[in-house]
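Asker: My structure is stored as start.cif, with mmCIF, C-alpha atoms.
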data_data
loop_
_atom_site.label_atom_id
_atom_site.label_comp_id
_atom_site.auth_asym_id
_atom_site.auth_seq_id
_atom_site.Cartn_x
_atom_site.Cartn_y
_atom_site.Cartn_z
CA MET A 1 -3.32 1.76 22.44
CA THR A 2 0.21 3.10 21.94
CA THR A 3 0.62 5.09 18.75
CA PRO A 4 3.87 4.16 16.97
CA ARG A 5 6.37 6.98 16.80
CA ARG A 6 8.27 5.34 13.95
CA VAL A 7 6.58 5.75 10.58
CA VAL A 8 7.73 4.37 7.24
CA GLY A 9 6.44 5.25 3.78
CA VAL A 10 7.20 3.04 0.78
CA ASP A 11 6.68 4.04 -2.83
CA PHE A 12 6.75 0.55 -4.27
CA GLY A 13 8.33 -0.43 -7.57
CA ALA A 14 8.64 -4.06 -8.67
CA ALA A 15 10.33 -3.86 -12.06
CA GLY A 16 12.63 -6.82 -12.60
CA ARG A 17 15.90 -4.92 -13.02
CA SER A 18 15.18 -1.59 -11.35
CA ALA A 19 13.04 -2.30 -8.26
CA GLY A 20 15.78 -0.89 -6.05
CA GLU A 21 15.87 2.38 -7.96
CA LYS A 22 12.12 2.79 -8.38
CA THR A 23 11.25 1.93 -4.78
CA TRP A 24 11.78 4.84 -2.39
CA ILE A 25 11.60 4.59 1.39
CA ALA A 26 10.86 7.42 3.80
CA VAL A 27 11.80 6.71 7.42
CA CYS A 28 10.10 9.20 9.69
CA ARG A 29 9.50 10.02 13.34
CA ARG A 30 6.24 11.23 14.80
CA THR A 31 6.64 14.54 16.64
CA ASP A 32 4.38 16.77 18.71
CA ASP A 33 3.85 18.88 15.59
CA GLY A 34 3.41 16.11 13.06
CA LEU A 35 6.00 14.05 11.25
CA ALA A 36 9.75 14.50 10.72
CA VAL A 37 11.44 12.85 7.73
CA GLU A 38 14.71 11.41 9.03
CA ARG A 39 15.84 9.45 5.97
CA LEU A 40 14.64 9.43 2.38
CA ALA A 41 16.39 7.36 -0.28
CA THR A 42 15.97 4.56 -2.80
CA ALA A 43 15.48 1.04 -1.52
CA THR A 44 18.94 0.03 -2.73
CA GLU A 45 20.55 2.77 -0.65
CA THR A 46 18.30 2.42 2.38
CA LEU A 47 18.53 -1.35 2.55
CA GLY A 48 22.25 -1.47 1.82
CA VAL A 49 21.92 -4.15 -0.85
CA ASP A 50 24.26 -4.80 -3.74
CA GLY A 51 22.00 -4.46 -6.73
CA THR A 52 18.68 -3.05 -7.91
CA ASP A 53 17.00 -6.22 -9.20
CA ARG A 54 13.70 -7.39 -7.76
CA GLU A 55 15.05 -10.70 -6.46
CA THR A 56 17.62 -8.85 -4.34
CA VAL A 57 15.56 -5.88 -3.20
CA LEU A 58 12.17 -7.32 -2.20
CA PRO A 59 13.45 -9.87 0.35
CA ALA A 60 15.60 -7.11 1.86
CA LEU A 61 12.56 -4.82 2.05
CA VAL A 62 10.62 -7.54 3.89
CA GLU A 63 13.48 -8.01 6.34
CA PHE A 64 13.70 -4.25 6.89
CA LEU A 65 9.98 -3.95 7.64
CA ALA A 66 9.71 -7.19 9.62
CA ASP A 67 12.31 -6.25 12.20
CA PRO A 68 11.53 -2.67 13.23
CA PRO A 69 13.59 -1.20 16.08
CA ALA A 70 10.34 0.05 17.63
CA PRO A 71 6.59 -0.25 17.02
CA THR A 72 6.11 0.94 13.46
CA VAL A 73 3.29 1.86 11.11
CA ALA A 74 4.15 1.64 7.42
CA GLY A 75 2.23 2.97 4.44
CA LEU A 76 2.66 0.91 1.26
CA ASP A 77 1.30 2.06 -2.09
CA PHE A 78 0.19 -1.14 -3.79
CA PRO A 79 -3.17 -2.95 -3.63
CA PHE A 80 -3.42 -5.36 -0.70
CA SER A 81 -6.16 -7.46 -2.29
CA LEU A 82 -8.29 -8.01 -5.37
CA PRO A 83 -12.01 -7.28 -5.70
CA ALA A 84 -13.69 -9.44 -3.07
CA GLU A 85 -15.42 -11.71 -5.57
CA PHE A 86 -12.03 -13.00 -6.71
CA LEU A 87 -11.43 -14.20 -3.14
CA GLY A 88 -14.71 -16.14 -2.97
CA PHE A 89 -16.83 -13.38 -1.39
CA GLY A 90 -20.48 -13.93 -2.17
CA GLY A 91 -21.92 -10.77 -0.69
CA ASP A 92 -23.05 -12.26 2.61
CA PRO A 93 -20.17 -14.15 4.22
CA ASP A 94 -20.16 -15.52 7.73
CA ASP A 95 -19.51 -12.38 9.74
CA SER A 96 -18.09 -14.26 12.72
CA ASP A 97 -14.44 -14.65 13.52
CA ASP A 98 -14.46 -18.32 12.53
CA GLU A 99 -12.26 -19.51 9.70
CA PRO A 100 -12.54 -20.09 6.80
CA ASN A 101 -15.75 -18.27 5.88
CA SER A 102 -15.24 -15.05 7.80
CA PRO A 103 -14.06 -12.03 5.81
CA GLU A 104 -10.63 -12.34 7.42
CA GLY A 105 -10.60 -16.05 6.66
CA LEU A 106 -11.25 -15.46 2.96
CA TRP A 107 -8.36 -13.01 2.72
CA ARG A 108 -5.94 -15.08 4.78
CA SER A 109 -6.69 -18.16 2.69
CA PHE A 110 -6.09 -16.12 -0.45
CA LEU A 111 -2.83 -14.74 0.92
CA ALA A 112 -1.58 -18.14 2.07
CA ASP A 113 -2.00 -19.55 -1.45
CA THR A 114 -0.18 -16.79 -3.30
CA PRO A 115 1.74 -16.61 -5.54
CA GLU A 116 0.81 -20.04 -6.92
CA ARG A 117 -2.95 -19.54 -6.70
CA TRP A 118 -4.99 -16.34 -6.61
CA GLY A 119 -8.39 -17.09 -5.13
CA VAL A 120 -10.99 -18.17 -7.68
CA LEU A 121 -8.54 -17.30 -10.49
CA GLY A 122 -6.61 -20.48 -9.74
CA ALA A 123 -3.06 -20.89 -10.96
CA VAL A 124 -1.40 -17.55 -11.74
CA ASP A 125 2.37 -17.52 -12.05
CA ASP A 126 3.26 -13.99 -13.13
CA PRO A 127 1.79 -10.49 -13.52
CA LYS A 128 0.81 -11.07 -17.15
CA ALA A 129 -1.17 -14.17 -16.19
CA LEU A 130 -2.82 -12.24 -13.35
CA TYR A 131 -3.93 -9.54 -15.77
CA GLU A 132 -5.22 -11.90 -18.44
CA THR A 133 -6.94 -14.34 -16.09
CA ALA A 134 -8.57 -11.58 -14.04
CA ARG A 135 -10.03 -9.92 -17.13
CA GLU A 136 -11.29 -13.22 -18.53
CA THR A 137 -12.87 -14.16 -15.20
CA ALA A 138 -14.44 -10.74 -14.73
CA ASP A 139 -15.98 -10.88 -18.20
CA GLU A 140 -17.22 -14.45 -17.85
CA ARG A 141 -18.59 -14.20 -14.31
CA GLY A 142 -19.59 -10.56 -14.14
CA PHE A 143 -17.07 -9.68 -11.44
CA PRO A 144 -16.02 -6.07 -10.84
CA ARG A 145 -12.47 -5.20 -11.89
CA THR A 146 -12.05 -2.64 -9.13
CA ARG A 147 -12.56 -2.73 -5.38
CA ALA A 148 -14.88 -0.42 -3.50
CA ALA A 149 -11.84 1.56 -2.32
CA ASP A 150 -10.58 1.96 -5.88
CA ASP A 151 -13.94 3.37 -6.88
CA ASP A 152 -13.98 5.72 -3.89
CA TYR A 153 -10.47 7.08 -4.40
CA GLY A 154 -10.05 6.88 -8.16
CA GLY A 155 -7.65 3.96 -7.96
CA GLN A 156 -6.73 1.65 -10.80
CA GLU A 157 -7.74 -1.97 -11.33
CA PRO A 158 -5.50 -4.01 -9.00
CA ALA A 159 -4.94 -6.59 -11.73
CA GLY A 160 -5.00 -4.01 -14.51
CA TYR A 161 -2.27 -3.52 -17.09
CA ARG A 162 -0.62 -0.50 -15.45
CA ILE A 163 -0.14 -1.85 -11.91
CA ARG A 164 -0.36 -5.64 -12.33
CA THR A 165 3.35 -6.03 -11.52
CA GLN A 166 3.12 -4.01 -8.31
CA THR A 167 0.03 -5.95 -7.25
CA PHE A 168 1.51 -9.36 -8.01
CA TYR A 169 4.83 -8.85 -6.25
CA GLY A 170 3.48 -6.54 -3.57
CA ILE A 171 1.02 -9.15 -2.34
CA ALA A 172 3.08 -12.27 -3.02
CA ALA A 173 6.61 -11.14 -2.15
CA VAL A 174 6.06 -8.41 0.47
CA LEU A 175 2.64 -8.59 2.12
CA ALA A 176 2.40 -12.38 2.44
CA PRO A 177 5.67 -12.92 4.35
CA LEU A 178 5.04 -9.90 6.58
CA VAL A 179 1.57 -11.12 7.56
CA ASP A 180 2.96 -14.61 8.08
CA GLY A 181 5.41 -13.00 10.49
CA GLY A 182 2.62 -11.39 12.51
CA ALA A 183 2.07 -7.95 10.97
CA ARG A 184 -1.30 -6.25 11.43
CA VAL A 185 -3.17 -5.11 8.31
CA PRO A 186 -6.29 -3.06 9.10
CA PRO A 187 -9.02 -3.92 8.36
CA ILE A 188 -8.30 -7.35 6.91
CA ALA A 189 -5.84 -8.86 9.37
CA PRO A 190 -6.32 -7.72 12.97
CA ALA A 191 -3.37 -8.43 15.24
CA PRO A 192 -3.63 -6.22 18.34
CA ASP A 193 -0.20 -7.10 19.73
CA ALA A 194 1.72 -6.61 16.48
CA ASP A 195 4.76 -4.32 16.45
CA LEU A 196 4.29 -3.67 12.74
CA THR A 197 1.11 -2.23 11.24
CA LEU A 198 0.74 -2.01 7.46
CA LEU A 199 -1.68 0.38 5.76
CA GLU A 200 -2.48 0.50 2.07
CA THR A 201 -2.01 4.02 0.76
CA TYR A 202 -2.46 5.78 -2.58
CA PRO A 203 -0.39 8.96 -2.98
CA ALA A 204 -2.72 10.52 -5.56
CA ALA A 205 -5.56 10.24 -3.04
CA VAL A 206 -3.32 11.68 -0.32
CA PHE A 207 -2.64 14.78 -2.39
CA ASP A 208 -6.32 14.99 -3.26
CA ALA A 209 -7.15 15.01 0.45
CA LEU A 210 -4.57 17.79 0.98
CA ASP A 211 -6.17 19.88 -1.80
CA ALA A 212 -2.86 19.57 -3.62
CA VAL A 213 -1.98 18.41 -7.15
CA ARG A 214 -3.43 14.94 -7.73
CA GLU A 215 -2.37 14.65 -11.38
CA GLY A 216 0.44 16.17 -13.37
CA TYR A 217 3.17 16.04 -10.71
CA LYS A 218 5.05 13.06 -12.11
CA PRO A 219 6.55 14.29 -15.43
CA ASP A 220 10.14 15.53 -15.54
CA THR A 221 9.06 18.85 -16.98
CA ARG A 222 8.96 22.40 -15.63
CA ALA A 223 5.27 21.94 -14.90
CA GLY A 224 5.94 18.63 -13.17
CA VAL A 225 8.64 20.14 -10.98
CA ALA A 226 6.34 23.03 -10.09
CA ALA A 227 3.56 20.60 -9.18
CA ARG A 228 5.92 18.58 -6.97
CA ARG A 229 6.99 21.79 -5.28
CA ASP A 230 3.33 22.58 -4.56
CA ASN A 231 2.77 19.08 -3.16
CA ARG A 232 5.84 19.41 -0.96
CA ALA A 233 4.39 22.63 0.42
CA SER A 234 1.08 20.89 1.10
CA LEU A 235 2.83 18.13 3.05
CA ARG A 236 4.69 20.72 5.09
CA ALA A 237 1.44 22.55 5.80
CA ALA A 238 0.03 19.22 7.06
CA GLY A 239 2.85 18.93 9.61
CA VAL A 240 5.53 17.04 7.68
CA ALA A 241 8.99 18.45 8.41
CA VAL A 242 11.38 17.76 5.53
CA ASP A 243 14.57 19.68 4.93
CA GLY A 244 17.95 19.53 3.25
CA VAL A 245 18.66 16.85 0.67
CA ALA A 246 15.39 15.08 1.44
CA ALA A 247 13.45 18.22 0.56
CA ASP A 248 15.36 18.47 -2.72
CA CYS A 249 14.44 14.85 -3.49
CA LEU A 250 10.75 15.69 -3.25
CA THR A 251 10.99 18.01 -6.24
CA ALA A 252 13.55 15.90 -8.11
CA THR A 253 11.46 12.70 -8.30
CA ASP A 254 7.84 11.80 -7.82
CA ASP A 255 8.91 8.48 -6.27
CA ALA A 256 10.45 10.25 -3.28
CA LEU A 257 7.42 12.51 -2.99
CA ASP A 258 5.06 9.53 -3.03
CA ALA A 259 7.06 7.77 -0.29
CA VAL A 260 6.63 10.75 2.02
CA ALA A 261 2.94 10.99 1.11
CA ALA A 262 2.55 7.32 2.07
CA ALA A 263 4.25 7.98 5.40
CA HIS A 264 1.99 10.97 6.07
CA ALA A 265 -1.13 8.87 5.38
CA ALA A 266 0.10 6.06 7.63
CA ALA A 267 0.82 8.43 10.50
CA ALA A 268 -2.40 10.42 10.17
CA ASP A 269 -4.71 7.44 9.77
CA TYR A 270 -3.15 4.98 12.21
CA THR A 271 -5.72 5.44 15.01
CA PRO A 272 -8.87 5.43 12.84
CA ALA A 273 -7.42 2.48 10.91
CA VAL A 274 -7.01 0.21 13.91
CA GLU A 275 -10.11 1.41 15.78
CA GLY A 276 -12.51 1.81 12.87
CA SER A 277 -15.47 -0.35 11.96
CA TYR A 278 -15.67 -1.88 8.50
CA THR A 279 -18.11 -3.67 6.23
CA PRO A 280 -17.61 -7.35 5.42
CA ARG A 281 -16.51 -6.38 1.90
CA GLU A 282 -13.88 -3.99 3.24
CA ARG A 283 -12.60 -6.75 5.52
CA VAL A 284 -12.02 -8.94 2.46
CA GLU A 285 -10.60 -6.47 -0.05
CA GLY A 286 -9.17 -3.78 2.23
CA VAL A 287 -9.42 -0.02 2.11
CA ILE A 288 -7.20 2.87 1.03
CA PHE A 289 -5.91 5.27 3.68
CA ASP A 290 -5.39 8.81 2.42
CA GLY A 291 -4.42 10.61 5.63
CA ASP A 292 -7.90 12.06 6.06
CA ARG A 293 -9.86 9.16 7.50
CA SER A 294 -12.27 10.10 10.27
CA LEU A 295 -11.83 8.85 13.80
CA PRO A 296 -14.44 6.40 15.05
CA GLU A 297 -17.53 8.01 16.50
CA GLY A 298 -17.11 8.94 20.13
CA ARG A 299 -13.40 9.69 19.89
#
Could you rewrite the structure in this file as structure tokens?

Answerer:
Amino acid sequence: MTTPRRVVGVDFGAAGRSAGEKTWIAVCRRTDDGLAVERLATATETLGVDGTDRETVLPALVEFLADPPAPTVAGLDFPFSLPAEFLGFGGDPDDSDDEPNSPEGLWRSFLADTPERWGVLGAVDDPKALYETARETADERGFPRTRAADDDYGGQEPAGYRIRTQTFYGIAAVLAPLVDGGARVPPIAPAPDADLTLLETYPAAVFDALDAVREGYKPDTRAGVAARRDNRASLRAAGVAVDGVAADCLTATDDALDAVAAAHAAAADYTPAVEGSYTPRERVEGVIFDGDRSLPEGR
């Protein structure tokens, strides 16, 4: 297995008018010592698009990720799935590789139907509908609102009020076309020959794994700036080289900091991600990579 030297981190924002400003992209290169940040900027600047609206930015982001100049691993910070029950998982699916009842088959069927239909939720046409329908279904059928990975890493409800927009457009407008184009998504979409590997990351969990500041680093206050400075130091201590304007960005905005954290997690966890073993549930609803995942036994 060849480990990609090109690493991309995406702090994903899907607001209608400001997706290009709220999404930050870190383009990095793996080095003998760790990771070097080569470019760090908003999506609008990185992608060279004329505008910041979602309809302009997200297709350009897909094109940017789908055509890497070299094998690439990218860390994206939005949920890649819903709790497995929403995808038709009954607790004991066919564990073979046969479609459509294998764990991978459940997720691929779910992904192929988005955005018009969202698993057992049926027709869902926007983030608000995703939020309302998911809560109603969870209450009526006793489904969990969080995935196992969300519980493990303190993540939010994928269809919850705070991140429903990122989940809706992340899955429907970014993940779906990339997987359709052949991207690998451990552990839910194996594709050994893929040039692009996508890992779900969660910056708060990354900083937790680094014994850095998990909460309180986002506000534009003196305390928030100080916390971002501490998190920048923790990334550097973990082998992330970031200097100049890019280093200034890490203390100026939490979005830039989160993009680099996503890149660090993608680089650090690439090998255990693609070589790891997973439960059927994890192969339906995915896992979160925090940069501290153990290598498979025997490595």

Asker: Pick out the residues sitting within 12 Å of Val49 in chain A, and hand them over as a PyMOL selection string; count all atoms listed in the file, and ignore anything fewer than 2 positions along from it in its own chain.

Answerer: chain A and resi 19-21+42-47+51-61+63-64

Asker: Those same residues - C-alpha atoms - I'd like them written as a short mmCIF file (atom, residue, chain, number, x, y, z; two decimals), in the frame of the given file.

Answerer:
data_model
loop_
_atom_site.label_atom_id
_atom_site.label_comp_id
_atom_site.auth_asym_id
_atom_site.auth_seq_id
_atom_site.Cartn_x
_atom_site.Cartn_y
_atom_site.Cartn_z
CA ALA A 19 13.04 -2.30 -8.26
CA GLY A 20 15.78 -0.89 -6.05
CA GLU A 21 15.87 2.38 -7.96
CA THR A 42 15.97 4.56 -2.80
CA ALA A 43 15.48 1.04 -1.52
CA THR A 44 18.94 0.03 -2.73
CA GLU A 45 20.55 2.77 -0.65
CA THR A 46 18.30 2.42 2.38
CA LEU A 47 18.53 -1.35 2.55
CA GLY A 51 22.00 -4.46 -6.73
CA THR A 52 18.68 -3.05 -7.91
CA ASP A 53 17.00 -6.22 -9.20
CA ARG A 54 13.70 -7.39 -7.76
CA GLU A 55 15.05 -10.70 -6.46
CA THR A 56 17.62 -8.85 -4.34
CA VAL A 57 15.56 -5.88 -3.20
CA LEU A 58 12.17 -7.32 -2.20
CA PRO A 59 13.45 -9.87 0.35
CA ALA A 60 15.60 -7.11 1.86
CA LEU A 61 12.56 -4.82 2.05
CA GLU A 63 13.48 -8.01 6.34
CA PHE A 64 13.70 -4.25 6.89
#

Asker: The PyMOL selection byres ((chain A and resi 215) around 12) - which residues does that actually catch in the file I just gave you? List them as number ranges by chain.

Answerer: A: 154, 203-208, 211-214, 216-219, 223-224, 227-228, 230-231, 254

Asker: Which residue out of A:Ile188, A:Ala129, A:Val124, A:Ile163 has the minimum interatomic distance to Arg281 in chain A when only C-alpha atoms are used?

Answerer: A:Ile188

Asker: Report as JSON, numbers by chain all protein, DNA and RNA residues lying within 9 Å of Leu87 in chain A, evaluated on only C-alpha atoms, omitting residues in the same chain fewer than 3 positions from it.

Answerer: {"A": [81, 82, 83, 84, 106, 107, 109, 110, 118, 119, 120, 121, 284, 285]}

Asker: Return the single residue from A:Ala189, A:Gly48, A:Asp152, A:Asp292 that is closest to Ser102 in chain A, with distances computed using only C-alpha atoms.

Answerer: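 Among A:Ala189, A:Gly48, A:Asp152, A:Asp292, it is A:Ala189 that comes nearest to Ser102 in chain A.
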
Asker: Nearest residue to Val179 in chain A out of A:Thr133, A:Ser234, A:Thr197, A:Gln166, using all atoms listed in the file?

Answerer: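 Among the listed residues, A:Thr197 lies closest to Val179 in chain A.
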
Asker: Out of A:Arg283, A:Arg236, A:Arg162, A:Arg6, which residue has the shortest atom-to-atom distance to Pro190 in chain A when counting only C-alpha atoms?

Answerer: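 Answer, going by the shortest atom-to-atom distance: A:Arg283.
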
Asker: In Å to one decimal, how far is CA of Leu65 in chain A from CA of Arg232 in chain A?

Answerer: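 Taking CA of Arg232 in chain A as the start and CA of Leu65 in chain A as the end point, the length is 25.2 Å.
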
Asker: Find the nearest atom pair between each residue of range 99-132 of chain A and range 173-176 of chain A for residues within 8 Å, count only C-alpha atoms, give distances in Å to one decimal, sort rows by chain and ascending number, and present the table as a tab-separated table.

Answerer:
residue	atom	partner	partner_atom	distance
A:Leu111	CA	A:Ala176	CA	5.9
A:Ala112	CA	A:Ala176	CA	7.0
A:Thr114	CA	A:Ala176	CA	7.7

Asker: Taking C-alpha atoms for each residue, export the selection above as an mmCIF file, in the frame of the given file.

Answerer:
data_model
loop_
_atom_site.group_PDB
_atom_site.id
_atom_site.type_symbol
_atom_site.label_atom_id
_atom_site.label_comp_id
_atom_site.auth_asym_id
_atom_site.auth_seq_id
_atom_site.Cartn_x
_atom_site.Cartn_y
_atom_site.Cartn_z
ATOM 1 C CA LEU A 111 -2.830 -14.740 0.920
ATOM 2 C CA ALA A 112 -1.580 -18.140 2.070
ATOM 3 C CA THR A 114 -0.180 -16.790 -3.300
#

Asker: Starting from the structure just given, write a file holding range 68-166 of chain A with C-alpha atoms, as an mmCIF file, in the first residue's frame.

Answerer:
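The resulting file, result_18.cif, is reproduced below:
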data_model
loop_
_atom_site.group_PDB
_atom_site.id
_atom_site.type_symbol
_atom_site.label_atom_id
_atom_site.label_comp_id
_atom_site.auth_asym_id
_atom_site.auth_seq_id
_atom_site.Cartn_x
_atom_site.Cartn_y
_atom_site.Cartn_z
ATOM 1 C CA PRO A 68 -6.136 15.241 -7.418
ATOM 2 C CA PRO A 69 -2.718 15.679 -9.048
ATOM 3 C CA ALA A 70 -1.499 12.693 -7.028
ATOM 4 C CA PRO A 71 -2.937 10.058 -4.679
ATOM 5 C CA THR A 72 -4.628 12.047 -1.944
ATOM 6 C CA VAL A 73 -6.197 11.475 1.450
ATOM 7 C CA ALA A 74 -8.674 14.135 2.532
ATOM 8 C CA GLY A 75 -10.197 14.737 5.949
ATOM 9 C CA LEU A 76 -13.709 16.217 5.865
ATOM 10 C CA ASP A 77 -15.481 17.397 9.009
ATOM 11 C CA PHE A 78 -19.115 16.519 8.399
ATOM 12 C CA PRO A 79 -21.004 13.286 9.175
ATOM 13 C CA PHE A 80 -20.749 10.721 6.390
ATOM 14 C CA SER A 81 -23.893 8.860 7.424
ATOM 15 C CA LEU A 82 -26.842 8.773 9.804
ATOM 16 C CA PRO A 83 -27.367 6.320 12.662
ATOM 17 C CA ALA A 84 -27.450 2.890 11.031
ATOM 18 C CA GLU A 85 -31.122 2.265 11.785
ATOM 19 C CA PHE A 86 -32.061 5.121 9.456
ATOM 20 C CA LEU A 87 -30.344 3.213 6.637
ATOM 21 C CA GLY A 88 -32.289 0.008 7.270
ATOM 22 C CA PHE A 89 -29.751 -1.670 9.576
ATOM 23 C CA GLY A 90 -31.456 -4.210 11.784
ATOM 24 C CA GLY A 91 -28.551 -5.185 13.991
ATOM 25 C CA ASP A 92 -27.600 -8.359 12.151
ATOM 26 C CA PRO A 93 -27.201 -7.624 8.440
ATOM 27 C CA ASP A 94 -25.771 -9.999 5.890
ATOM 28 C CA ASP A 95 -22.056 -9.664 6.578
ATOM 29 C CA SER A 96 -21.035 -10.819 3.109
ATOM 30 C CA ASP A 97 -19.972 -8.572 0.282
ATOM 31 C CA ASP A 98 -23.214 -9.158 -1.599
ATOM 32 C CA GLU A 99 -25.496 -6.238 -2.353
ATOM 33 C CA PRO A 100 -27.935 -5.013 -1.192
ATOM 34 C CA ASN A 101 -27.983 -6.407 2.341
ATOM 35 C CA SER A 102 -24.320 -6.105 3.203
ATOM 36 C CA PRO A 103 -23.306 -3.155 5.391
ATOM 37 C CA GLU A 104 -21.679 -1.514 2.374
ATOM 38 C CA GLY A 105 -24.780 -2.199 0.314
ATOM 39 C CA LEU A 106 -27.028 -0.446 2.829
ATOM 40 C CA TRP A 107 -24.845 2.659 2.797
ATOM 41 C CA ARG A 108 -24.368 2.729 -0.966
ATOM 42 C CA SER A 109 -28.111 2.389 -1.516
ATOM 43 C CA PHE A 110 -28.687 5.228 0.922
ATOM 44 C CA LEU A 111 -26.082 7.393 -0.792
ATOM 45 C CA ALA A 112 -27.408 6.677 -4.278
ATOM 46 C CA ASP A 113 -30.876 7.895 -3.282
ATOM 47 C CA THR A 114 -29.812 11.179 -1.714
ATOM 48 C CA PRO A 115 -30.791 13.965 -1.697
ATOM 49 C CA GLU A 116 -34.336 12.977 -2.698
ATOM 50 C CA ARG A 117 -34.653 10.106 -0.226
ATOM 51 C CA TRP A 118 -32.800 9.469 3.024
ATOM 52 C CA GLY A 119 -33.055 5.792 3.882
ATOM 53 C CA VAL A 120 -36.110 4.890 5.946
ATOM 54 C CA LEU A 121 -36.874 8.616 6.367
ATOM 55 C CA GLY A 122 -38.171 8.703 2.804
ATOM 56 C CA ALA A 123 -38.518 12.005 0.986
ATOM 57 C CA VAL A 124 -36.352 14.736 2.514
ATOM 58 C CA ASP A 125 -35.717 17.815 0.415
ATOM 59 C CA ASP A 126 -33.786 20.188 2.670
ATOM 60 C CA PRO A 127 -31.925 20.341 6.001
ATOM 61 C CA LYS A 128 -35.020 21.442 7.924
ATOM 62 C CA ALA A 129 -36.962 18.437 6.658
ATOM 63 C CA LEU A 130 -34.041 16.169 7.552
ATOM 64 C CA TYR A 131 -34.038 17.495 11.109
ATOM 65 C CA GLU A 132 -37.788 17.273 11.612
ATOM 66 C CA THR A 133 -38.267 13.890 9.963
ATOM 67 C CA ALA A 134 -35.304 12.324 11.754
ATOM 68 C CA ARG A 135 -36.566 13.443 15.163
ATOM 69 C CA GLU A 136 -40.094 12.245 14.447
ATOM 70 C CA THR A 137 -38.834 8.883 13.218
ATOM 71 C CA ALA A 138 -36.459 8.451 16.147
ATOM 72 C CA ASP A 139 -39.258 9.166 18.618
ATOM 73 C CA GLU A 140 -41.786 6.928 16.885
ATOM 74 C CA ARG A 141 -39.501 3.963 16.206
ATOM 75 C CA GLY A 142 -37.058 4.209 19.075
ATOM 76 C CA PHE A 143 -34.053 4.909 16.858
ATOM 77 C CA PRO A 144 -30.891 6.485 18.281
ATOM 78 C CA ARG A 145 -30.224 10.066 17.200
ATOM 79 C CA THR A 146 -26.465 9.624 17.300
ATOM 80 C CA ARG A 147 -24.090 7.107 15.780
ATOM 81 C CA ALA A 148 -21.691 4.971 17.780
ATOM 82 C CA ALA A 149 -18.842 7.261 16.673
ATOM 83 C CA ASP A 150 -20.717 10.346 17.852
ATOM 84 C CA ASP A 151 -21.137 8.756 21.257
ATOM 85 C CA ASP A 152 -17.470 7.756 21.384
ATOM 86 C CA TYR A 153 -16.102 11.165 20.404
ATOM 87 C CA GLY A 154 -18.712 13.533 21.795
ATOM 88 C CA GLY A 155 -20.092 14.377 18.373
ATOM 89 C CA GLN A 156 -23.442 15.974 17.670
ATOM 90 C CA GLU A 157 -26.559 14.383 16.188
ATOM 91 C CA PRO A 158 -25.905 14.183 12.421
ATOM 92 C CA ALA A 159 -29.453 15.352 11.714
ATOM 93 C CA GLY A 160 -29.554 17.651 14.728
ATOM 94 C CA TYR A 161 -30.366 21.351 14.621
ATOM 95 C CA ARG A 162 -26.778 22.622 14.802
ATOM 96 C CA ILE A 163 -25.215 20.598 11.977
ATOM 97 C CA ARG A 164 -28.197 19.509 9.857
ATOM 98 C CA THR A 165 -27.112 21.790 7.000
ATOM 99 C CA GLN A 166 -23.557 20.426 6.928
#
